[in-house]
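Structure first, commentary second.
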Amino acid sequence: MQLKYHTKPKAILLLEDGKVFEGKAAGKIGTTTGEICFNTGMTGYQEIFTDPSYFGQIVVMNNVHVGNYGIEPSEVESDSIKISGMICKKFNDGFSRKRATQSLEDYFKNDGIVAISDVDTRAIVRYIRDKGAMNCIISSENTDIDSLKTLLAKVPKMEGLELSSKVATTTAFKFGEETSTYKVAVIDFGTKTNILRSLAERDCFLKVFPMKSSVKDILDFNPDGIMLTNGPGDPGVMKEETQLIKELVNTGKPVFGICFGHQLLAQSQGISTYKMHAGHRGINHPVKNLITGKSEITSQNHGFTVNADDIAKNPNIEITHVNLNDHTIEGIRLKDKPAFSVQYHPESCPGPYDSRYLFDDFVSNMKAFKKQPLVNA
């Protein structure tokens, strides 16, 4: 048997501060831009690439081999690849999983995703951890550094950027069985499909609303609870959505926020958000539940977080979870309303089901709400 040798074109990775890495092309031949970030997970690349929260970002994968188990259609988190590009050490042309239906190379080409391989990803991650998040450009069609610098200079910063409207639904749709016990209004800022599945598995019928929906639109559904989803971009620019959430919280209906939804819930209570140095992205982040005293291994994907100093000034907000690596806020709840949120992703299950109880807590709040309906809600 004769092995085929595939030659790959040269590719360039240029960072905003002028740092250059040379590698090989993967996926579509072309040029792409976005904010560079890194994910520390050793598996789950398909879920990462289809997570809408990564829209506008180029992801460095920490595992040495990417693409080795191919693509399996049921494991997507949205209807298409959402990352702007990908950086890895070794890009597998083939795959070895029986359930897979295509290679990552074909998957990227079909969705027009530009990537670069054969670069020192450890060096890149160390560089980002030191210098912080910044924009970058990948090109496998243009290797002129000055030309790439000109293109990169035109890319807007993530801070101050509204991106949810690029990935969230613009028309309401239903999910789950209409005969379910609970009705949940899901406000979509770029939801992962497994959030919807996790609710449907708990006897919930969902109506997923566009983020520009009115309070009346949502309350006309007569939901037992309200879910605030994940999404991309800077939560600080979402003024209308923050006001919408404030009004929904004031109805007294149970509210559960995840990631971007957590940040917006905090903002609705006067808590500010800010851009992190490098963000949290991976499936091994330790979080302590301050209520139970137990720790959880969590899946995370966020570049913004809520302001702990603002929470300390608000007597109605209780901190429920903290990150054990950097002590950033990972969860809050309101003392006078059945509303809570977490910065991480309980639907992701990185190994154990450490955080799935949060969906059960939400259902418990809805059960209590149904027993004691709010007058004039």
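For the structure tokens, the naming scheme is as follows: chains receive sequential letters (A, B, ...) according to their order of presentation, residues are indexed from 1 within each chain, and ligands are indexed from 1 in presentation order.
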Identify, on the basis of only C-alpha atoms, every residue whose closest approach to range 58-75 of chain A does not exceed 7 Å; exclude the query and any residue fewer than 3 positions from it along the same chain; express the result as a compact mmCIF listing (two decimals) with N, CA, C and O atoms, in the first residue's frame.
# COMPACT_ATOMS: atom_id res chain seq x y z
N GLY A 34 -10.59 38.07 13.18
CA GLY A 34 -11.41 37.96 14.39
C GLY A 34 -10.54 38.12 15.62
O GLY A 34 -9.32 38.31 15.52
N GLU A 35 -11.17 38.03 16.79
CA GLU A 35 -10.42 38.08 18.05
C GLU A 35 -9.85 36.70 18.35
O GLU A 35 -10.58 35.70 18.32
N ILE A 36 -8.57 36.63 18.63
CA ILE A 36 -7.94 35.35 18.93
C ILE A 36 -8.25 34.96 20.39
O ILE A 36 -8.25 35.80 21.29
N CYS A 37 -8.55 33.70 20.59
CA CYS A 37 -8.78 33.16 21.92
C CYS A 37 -8.34 31.71 21.93
O CYS A 37 -8.08 31.13 20.88
N PHE A 38 -8.26 31.09 23.10
CA PHE A 38 -7.82 29.70 23.16
C PHE A 38 -8.76 28.87 24.02
O PHE A 38 -9.33 29.36 24.99
N ASN A 39 -8.96 27.62 23.62
CA ASN A 39 -9.78 26.67 24.37
C ASN A 39 -8.90 25.57 24.89
O ASN A 39 -8.14 24.95 24.13
N THR A 40 -9.00 25.29 26.20
CA THR A 40 -8.12 24.32 26.84
C THR A 40 -8.65 22.90 26.81
O THR A 40 -8.03 22.00 27.36
N GLY A 41 -9.80 22.67 26.18
CA GLY A 41 -10.36 21.33 26.12
C GLY A 41 -9.54 20.39 25.25
O GLY A 41 -8.98 20.80 24.23
N MET A 42 -9.52 19.13 25.64
CA MET A 42 -8.79 18.13 24.87
C MET A 42 -9.70 17.39 23.88
O MET A 42 -9.23 16.58 23.09
N GLN A 46 -16.03 19.75 17.71
CA GLN A 46 -17.22 20.02 16.91
C GLN A 46 -18.21 20.91 17.65
O GLN A 46 -18.81 21.83 17.08
N GLU A 47 -18.39 20.65 18.95
CA GLU A 47 -19.27 21.49 19.77
C GLU A 47 -18.73 22.92 19.88
O GLU A 47 -19.49 23.88 19.88
N ILE A 83 -17.34 29.78 14.44
CA ILE A 83 -16.04 30.42 14.62
C ILE A 83 -15.64 31.13 13.32
O ILE A 83 -16.07 30.76 12.23
N SER A 84 -14.78 32.15 13.44
CA SER A 84 -14.28 32.85 12.26
C SER A 84 -13.07 32.15 11.66
O SER A 84 -12.73 32.37 10.49
N GLY A 85 -12.40 31.34 12.46
CA GLY A 85 -11.22 30.63 11.99
C GLY A 85 -10.68 29.74 13.09
O GLY A 85 -11.14 29.81 14.24
N MET A 86 -9.68 28.91 12.75
CA MET A 86 -9.15 27.96 13.73
C MET A 86 -7.64 27.84 13.58
O MET A 86 -7.10 27.90 12.47
N ILE A 87 -6.97 27.66 14.73
CA ILE A 87 -5.52 27.52 14.80
C ILE A 87 -5.22 26.23 15.54
O ILE A 87 -5.76 26.00 16.62
N CYS A 88 -4.35 25.38 14.98
CA CYS A 88 -4.03 24.13 15.67
C CYS A 88 -2.61 23.68 15.35
O CYS A 88 -1.96 24.20 14.45
N LYS A 89 -2.16 22.67 16.11
CA LYS A 89 -0.83 22.09 15.89
C LYS A 89 -0.87 21.10 14.74
O LYS A 89 -0.18 21.27 13.74
N LYS A 90 -1.69 20.05 14.88
CA LYS A 90 -1.78 19.03 13.84
C LYS A 90 -3.24 18.90 13.37
O LYS A 90 -4.13 18.67 14.18
N PHE A 91 -3.44 19.06 12.09
CA PHE A 91 -4.78 18.99 11.50
C PHE A 91 -4.92 17.67 10.75
O PHE A 91 -4.22 17.43 9.78
N ASN A 92 -5.81 16.80 11.25
CA ASN A 92 -5.97 15.48 10.64
C ASN A 92 -6.81 15.55 9.37
O ASN A 92 -7.95 16.03 9.40
N GLY A 94 -7.75 12.80 7.68
CA GLY A 94 -8.69 11.69 7.78
C GLY A 94 -9.32 11.62 9.15
O GLY A 94 -9.10 12.48 10.00
N PHE A 95 -10.13 10.58 9.38
CA PHE A 95 -10.75 10.40 10.69
C PHE A 95 -10.94 8.91 10.95
O PHE A 95 -10.96 8.10 10.01
N SER A 96 -11.12 8.54 12.21
CA SER A 96 -11.12 7.12 12.57
C SER A 96 -12.36 6.68 13.35
O SER A 96 -12.38 5.59 13.88
N ARG A 97 -13.40 7.51 13.44
CA ARG A 97 -14.60 7.14 14.18
C ARG A 97 -15.65 6.59 13.23
O ARG A 97 -15.98 7.20 12.21
N ARG A 99 -18.90 6.39 13.54
CA ARG A 99 -20.11 7.19 13.43
C ARG A 99 -19.93 8.46 12.62
O ARG A 99 -20.90 9.08 12.18
N ALA A 100 -18.69 8.88 12.41
CA ALA A 100 -18.44 10.12 11.68
C ALA A 100 -18.85 9.98 10.22
O ALA A 100 -18.74 8.91 9.62
N THR A 101 -19.31 11.10 9.66
CA THR A 101 -19.77 11.09 8.27
C THR A 101 -18.87 11.85 7.33
O THR A 101 -18.99 11.71 6.11
N GLN A 102 -17.98 12.69 7.85
CA GLN A 102 -17.06 13.43 6.99
C GLN A 102 -15.86 13.91 7.80
O GLN A 102 -15.86 13.89 9.02
N SER A 103 -14.85 14.35 7.08
CA SER A 103 -13.63 14.85 7.73
C SER A 103 -13.82 16.31 8.13
O SER A 103 -14.69 17.02 7.61
N LEU A 104 -12.99 16.75 9.07
CA LEU A 104 -13.03 18.15 9.47
C LEU A 104 -12.61 19.05 8.31
O LEU A 104 -13.16 20.15 8.16
N THR A 121 1.20 25.94 19.04
CA THR A 121 0.04 26.45 19.77
C THR A 121 0.36 26.76 21.23
O THR A 121 -0.25 27.65 21.83
Within 12 Å of Thr50 in chain A, counting only C-alpha atoms, which residues show up once you throw out same-chain ones fewer than 3 positions away? Write them as a PyMOL selection string, please.
chain A and resi 44-47+53-55+57+59+71+73-85+107-108+111+113+167+190-194+231
Residue set, range 65-305 of chain A restricted to strand (DSSP E or B), as a VMD selection string
chain A and resid 65 to 66 71 85 to 87 90 to 91 102 114 to 117 134 to 139 162 173 to 175 182 to 188 204 to 210 225 to 228 233 255 to 258 273 to 289 295 to 305
Closest atom pairs, residues of range 341-360 of chain A within 12 Å of range 202-221 of chain A, only C-alpha atoms, as a tab-separated table:
residue	atom	partner	partner_atom	distance
A:Arg356	CA	A:Arg202	CA	10.9
A:Tyr357	CA	A:Arg202	CA	11.1
A:Leu358	CA	A:Arg202	CA	11.5
A:Phe359	CA	A:Arg202	CA	8.0
A:Asp360	CA	A:Arg202	CA	7.6
As a list in words, please: the residues near Lys367 in chain A (cut-off 10 Å, only C-alpha atoms, same-chain neighbours under 5 positions excluded).
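Near neighbours after the sequence-gap exclusion: Thr181, Tyr182, Asp224, Gly225, Pro254, Asp361, Phe362 and Gln372 of chain A.
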Shell of 9 Å around Glu201 in chain A, only C-alpha atoms, local chain residues under 4 positions omitted, as number ranges by chain:
A: 176, 196-197
Selection from above, N, CA, C and O atoms, as an mmCIF file, in the first residue's frame, can you write it?
data_model
loop_
_atom_site.group_PDB
_atom_site.id
_atom_site.type_symbol
_atom_site.label_atom_id
_atom_site.label_comp_id
_atom_site.auth_asym_id
_atom_site.auth_seq_id
_atom_site.Cartn_x
_atom_site.Cartn_y
_atom_site.Cartn_z
ATOM 1 N N GLY A 176 -39.767 21.067 21.692
ATOM 2 C CA GLY A 176 -40.252 20.150 22.713
ATOM 3 C C GLY A 176 -41.712 19.786 22.519
ATOM 4 O O GLY A 176 -42.323 20.085 21.485
ATOM 5 N N LEU A 196 -31.575 23.930 25.000
ATOM 6 C CA LEU A 196 -32.972 23.622 24.683
ATOM 7 C C LEU A 196 -33.276 22.160 25.002
ATOM 8 O O LEU A 196 -34.322 21.845 25.596
ATOM 9 N N ARG A 197 -32.364 21.273 24.633
ATOM 10 C CA ARG A 197 -32.557 19.849 24.921
ATOM 11 C C ARG A 197 -32.651 19.608 26.430
ATOM 12 O O ARG A 197 -33.477 18.823 26.893
#
Residues of range 219-297 of chain A that have any atom at most 6 Å from an atom of range 331-339 of chain A: could you tabulate them with the shortest-distance atom pair and the distance in Å to one decimal, using only C-alpha atoms, ordered by chain and increasing number, as JSON lines?
{"residue": "A:Gly252", "atom": "CA", "partner": "A:Lys337", "partner_atom": "CA", "distance": 6.0}
{"residue": "A:Pro254", "atom": "CA", "partner": "A:Pro338", "partner_atom": "CA", "distance": 4.8}
{"residue": "A:Val255", "atom": "CA", "partner": "A:Ala339", "partner_atom": "CA", "distance": 4.4}
{"residue": "A:Phe256", "atom": "CA", "partner": "A:Ala339", "partner_atom": "CA", "distance": 6.0}
Between CA of Ala266 in chain A and CA of His321 in chain A, what distance in Å does the model show, to one decimal?
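Calculated distance between CA of Ala266 in chain A and CA of His321 in chain A is 13.8 Å.
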Excluding Asp144 in chain A and residues on its chain fewer than 6 positions from it, collect all residues at most 12 Å away from it, counting only C-alpha atoms, and give them as a list in words.
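Residues near the query, excluding close chain neighbours: Lys10, Ala11, Ile12, Leu13, Leu14, Val20, Glu22, Thr31, Ile137, Ile138, Thr150 and Leu151 of chain A.
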Counting only C-alpha atoms, the option among A:Asn307, A:Asn316, A:Asn110, A:Thr292 closest to Gln267 in chain A:
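Comparing A:Asn307, A:Asn316, A:Asn110, A:Thr292 against Gln267 in chain A, the winner is A:Asn307.
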Of the candidates A:Ala200, A:Val342, A:Ile128, A:Leu324, which one gets nearest to Ser180 in chain A if we count only C-alpha atoms?
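Closest to Ser180 in chain A of all the choices is A:Ala200.
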